[in-house]
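First up is the structure itself, then whatever we jot down about it.
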Number of protein chains: 2
Amino acid sequence: MPPKGQLDEHIDISKHFDMNRNYSRAIPAEWRAMSKVFEALGDEHRQRLVLSFEPGERLNVSQLAEVSTLARSTVSHHLKLLREAGVLESEKIGKEVWYWINKAWLTQVFEDVTEHLRKRL
Amino acid sequence: MPPKGQLDEHIDISKHFDMNRNYSRAIPAEWRAMSKVFEALGDEHRQRLVLSFEPGERLNVSQLAEVSTLARSTVSHHLKLLREAGVLESEKIGKEVWYWINKAWLTQVFEDVTEHLRKRL
DNA sequence: CCATTATTTCGATATGTCTGGACATATCGA
DNA sequence: TCGATATGTCCAGACATATCGAAATAATGG
């Protein structure tokens with residue numbers, strides 16, 4: 001008997017489904033950007049941190065650590081991941097580092113993925 | 001001039017920012033649904049599996065395992081997570097289990113989060 | 001300088017996730 | 001019922017992430 005995955009010589013299986021065979025190829029740009037976002041927002045603590053912001057608001061690490069149940073250093077770690085994912089932006093002013101939501105970019109990426117979902121999936 | 005969000009030492013700190021203090025409270029419904037999706041799509045292999053589908057297409061586990069670089073049991077594991085997250089749906093027909101993208105629901109959830117992002121963040 | 005404050009980095013440990021092979025279950029046809 | 005096929009589950013090792021406190025870094029004011 002043929003091993004799994006091997007094709008029956010009489011039938012070309014490729015004609016039987018249109019499956020996207022690009023599995024190992026590059027992921028579409030809009031998904032690649034979103035990939036980091038998914039990863040960042042997949043964690044409940046990071047999600048809560050993001051939801052701590054009011055519209056247009058900037059918050060520093062101490063303020064975020066204050067409402068969080070985590071240690072300051074841990075909050076700092078999560079903020080770093082959120083910033084690297086593009087979810088948050090930050091600016092250091094004096095001793096403090098202020099964070100805010102990268103709203104425009106985030107909205108754009110979400111819309112791109114939604115569009116890709118609509119048209120290509 | 002003081003940067004936005006910076007505090008005056010003479011005045012009660014609580015009056016200077018509207019930070020959402022509901023950190024430890026319930027996460028909004030649209031984010032709770034999205035939470036699992038984020039987690040599921042945060043993994044590159046799972047993302048590739050999802051992107052393997054052509055519009056409206058149904059694929060079974062063997063087909064998905066075939067294009068994947070992972071062992072069949074591993075693919076099965078990832079498919080389970082994607083199904084539990086609501087990204088994929090499945091139906092068993094005979095010996096085979098067919099998977100497809102839960103497009104309508106997924107689109108809806110993405111739009112809900114985008115709306116929440118627009119209006120509340 | 002020195003002390004203070006805000007934040008990040010480091011080190012250690014705990015916890016969680018990914019992975020593939022072995023095994024179990026389900027379905028179908030002979 | 002038996003054998004083949006398709007899928008799911010369990011397990012254990014490898015690997016990654018989360019967490020905290022302590023130490024290090026940076027900025028400020030005296």
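Here's how to read the names in the structure tokens: chain A, B, ... by the order shown, residue numbers from 1 in each chain, ligand numbers from 1 in the order shown.
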
Can I get the residues of chain D within 7 Å of chain A, each with the closest pair of atoms and their distance in Å to one decimal, using only C-alpha atoms (C1' of nucleotides), sorted chain first then ascending number, as JSON lines?
```
{"residue": "D:DT19", "atom": "C1'", "partner": "A:Thr74", "partner_atom": "CA", "distance": 6.6}
{"residue": "D:DC20", "atom": "C1'", "partner": "A:Ala71", "partner_atom": "CA", "distance": 6.8}
{"residue": "D:DA27", "atom": "C1'", "partner": "A:Lys95", "partner_atom": "CA", "distance": 5.1}
```

**Report entry** Spatial neighbours of DC23 in chain C, 12 Å, only C-alpha atoms (C1' of nucleotides), chain gap at least 5 places, as an NGL selection string
**Finding:** (:B and (73)) or (:D and (8-11))

Selected residues, C-alpha atoms (C1' of nucleotides), written as a compact mmCIF listing (two decimals), in the first residue's frame, please.
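Produced file result.txt, reproduced below:
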```
# COMPACT_ATOMS: atom_id res chain seq x y z
CA SER B 73 -1.11 15.00 14.67
C1' DG D 8 -8.30 12.53 17.18
C1' DT D 9 -5.94 11.97 21.74
C1' DC D 10 -2.20 11.20 24.90
C1' DC D 11 2.44 11.65 26.27
```

Query - DSSP-assigned helix (DSSP H, G or I) members of range 79-119 of chain B, reported as a PyMOL selection string - result: chain B and resi 79-84+103-119

Quick one: write out the picked residues with N, CA and C atoms as a PDB file, in the first residue's frame?
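What landed in selection_19.pdb:
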```pdb
ATOM      1  N   LEU B  79      -5.699  22.608  14.170  1.00  0.00           N
ATOM      2  CA  LEU B  79      -7.064  22.727  13.657  1.00  0.00           C
ATOM      3  C   LEU B  79      -8.066  22.786  14.813  1.00  0.00           C
ATOM      4  N   LYS B  80      -7.772  22.026  15.849  1.00  0.00           N
ATOM      5  CA  LYS B  80      -8.638  22.044  17.027  1.00  0.00           C
ATOM      6  C   LYS B  80      -8.676  23.440  17.648  1.00  0.00           C
ATOM      7  N   LEU B  81      -7.506  24.035  17.788  1.00  0.00           N
ATOM      8  CA  LEU B  81      -7.432  25.380  18.367  1.00  0.00           C
ATOM      9  C   LEU B  81      -8.173  26.389  17.489  1.00  0.00           C
ATOM     10  N   LEU B  82      -7.992  26.262  16.187  1.00  0.00           N
ATOM     11  CA  LEU B  82      -8.656  27.186  15.263  1.00  0.00           C
ATOM     12  C   LEU B  82     -10.176  27.018  15.320  1.00  0.00           C
ATOM     13  N   ARG B  83     -10.611  25.790  15.501  1.00  0.00           N
ATOM     14  CA  ARG B  83     -12.045  25.535  15.595  1.00  0.00           C
ATOM     15  C   ARG B  83     -12.601  26.087  16.901  1.00  0.00           C
ATOM     16  N   GLU B  84     -11.863  25.848  17.983  1.00  0.00           N
ATOM     17  CA  GLU B  84     -12.315  26.344  19.288  1.00  0.00           C
ATOM     18  C   GLU B  84     -12.341  27.874  19.341  1.00  0.00           C
ATOM     19  N   LYS B 103     -16.333  32.404   7.802  1.00  0.00           N
ATOM     20  CA  LYS B 103     -16.112  33.728   7.224  1.00  0.00           C
ATOM     21  C   LYS B 103     -17.059  34.805   7.770  1.00  0.00           C
ATOM     22  N   ALA B 104     -18.333  34.496   7.786  1.00  0.00           N
ATOM     23  CA  ALA B 104     -19.320  35.488   8.221  1.00  0.00           C
ATOM     24  C   ALA B 104     -19.042  35.954   9.647  1.00  0.00           C
ATOM     25  N   TRP B 105     -18.858  34.988  10.533  1.00  0.00           N
ATOM     26  CA  TRP B 105     -18.615  35.319  11.935  1.00  0.00           C
ATOM     27  C   TRP B 105     -17.309  36.063  12.108  1.00  0.00           C
ATOM     28  N   LEU B 106     -16.288  35.575  11.416  1.00  0.00           N
ATOM     29  CA  LEU B 106     -14.957  36.173  11.538  1.00  0.00           C
ATOM     30  C   LEU B 106     -14.973  37.622  11.049  1.00  0.00           C
ATOM     31  N   THR B 107     -15.648  37.836   9.936  1.00  0.00           N
ATOM     32  CA  THR B 107     -15.768  39.194   9.406  1.00  0.00           C
ATOM     33  C   THR B 107     -16.469  40.097  10.401  1.00  0.00           C
ATOM     34  N   GLN B 108     -17.530  39.568  10.974  1.00  0.00           N
ATOM     35  CA  GLN B 108     -18.300  40.340  11.946  1.00  0.00           C
ATOM     36  C   GLN B 108     -17.454  40.743  13.149  1.00  0.00           C
ATOM     37  N   VAL B 109     -16.722  39.781  13.676  1.00  0.00           N
ATOM     38  CA  VAL B 109     -15.913  40.063  14.858  1.00  0.00           C
ATOM     39  C   VAL B 109     -14.823  41.078  14.548  1.00  0.00           C
ATOM     40  N   PHE B 110     -14.218  40.935  13.386  1.00  0.00           N
ATOM     41  CA  PHE B 110     -13.190  41.898  12.991  1.00  0.00           C
ATOM     42  C   PHE B 110     -13.775  43.298  12.899  1.00  0.00           C
ATOM     43  N   GLU B 111     -14.957  43.381  12.322  1.00  0.00           N
ATOM     44  CA  GLU B 111     -15.604  44.688  12.182  1.00  0.00           C
ATOM     45  C   GLU B 111     -15.974  45.272  13.535  1.00  0.00           C
ATOM     46  N   ASP B 112     -16.441  44.424  14.435  1.00  0.00           N
ATOM     47  CA  ASP B 112     -16.795  44.894  15.774  1.00  0.00           C
ATOM     48  C   ASP B 112     -15.577  45.478  16.486  1.00  0.00           C
ATOM     49  N   VAL B 113     -14.468  44.772  16.378  1.00  0.00           N
ATOM     50  CA  VAL B 113     -13.263  45.263  17.038  1.00  0.00           C
ATOM     51  C   VAL B 113     -12.778  46.555  16.388  1.00  0.00           C
ATOM     52  N   THR B 114     -12.848  46.606  15.080  1.00  0.00           N
ATOM     53  CA  THR B 114     -12.452  47.834  14.379  1.00  0.00           C
ATOM     54  C   THR B 114     -13.328  49.005  14.818  1.00  0.00           C
ATOM     55  N   GLU B 115     -14.609  48.747  14.970  1.00  0.00           N
ATOM     56  CA  GLU B 115     -15.522  49.786  15.429  1.00  0.00           C
ATOM     57  C   GLU B 115     -15.199  50.237  16.850  1.00  0.00           C
ATOM     58  N   HIS B 116     -14.939  49.257  17.699  1.00  0.00           N
ATOM     59  CA  HIS B 116     -14.577  49.576  19.078  1.00  0.00           C
ATOM     60  C   HIS B 116     -13.296  50.402  19.106  1.00  0.00           C
ATOM     61  N   LEU B 117     -12.385  50.031  18.243  1.00  0.00           N
ATOM     62  CA  LEU B 117     -11.116  50.750  18.140  1.00  0.00           C
ATOM     63  C   LEU B 117     -11.356  52.190  17.706  1.00  0.00           C
ATOM     64  N   ARG B 118     -12.203  52.370  16.718  1.00  0.00           N
ATOM     65  CA  ARG B 118     -12.532  53.695  16.202  1.00  0.00           C
ATOM     66  C   ARG B 118     -13.186  54.588  17.258  1.00  0.00           C
ATOM     67  N   LYS B 119     -14.140  54.031  17.951  1.00  0.00           N
ATOM     68  CA  LYS B 119     -14.977  54.852  18.833  1.00  0.00           C
ATOM     69  C   LYS B 119     -14.536  54.918  20.285  1.00  0.00           C
TER      70      LYS B 119
END
```

Query raised in the report: Which chain C residues are at most 7 Å from chain B (counting only C-alpha atoms (C1' of nucleotides)), as a ChimeraX atom specification?
Result: /C:19-20,27

Report task. Find the residues in chain B near chain A: any atom within 6 Å counts, using only C-alpha atoms. Write them as a list in words. Result ->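 Therefore, the residues near the partner are Gly5, Met19, Asn20, Tyr23, Ser35, Phe38, Glu39, Gly42, Arg48, Ser52, Phe53, Glu54, Pro55, Arg120 and Leu121 of chain B.
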
**Report entry** Backbone DSSP call of strand (DSSP E or B) for chain B, listed as a list of chain:residue names
**Finding:**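 Restricting chain B to strand (DSSP E or B) produces B:Leu59, B:Asn60, B:Leu88, B:Glu89, B:Ser90, B:Glu91, B:Lys92, B:Ile93, B:Glu96, B:Val97, B:Trp98, B:Tyr99, B:Trp100, B:Ile101.
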
Query raised in the report: Can you tell me, as a PyMOL selection string, what residues are no more than 12 Å from DG29 in chain D when counting only C-alpha atoms (C1' of nucleotides), ignoring any on the same chain fewer than 3 positions away?
Result: chain C and resi 2-5
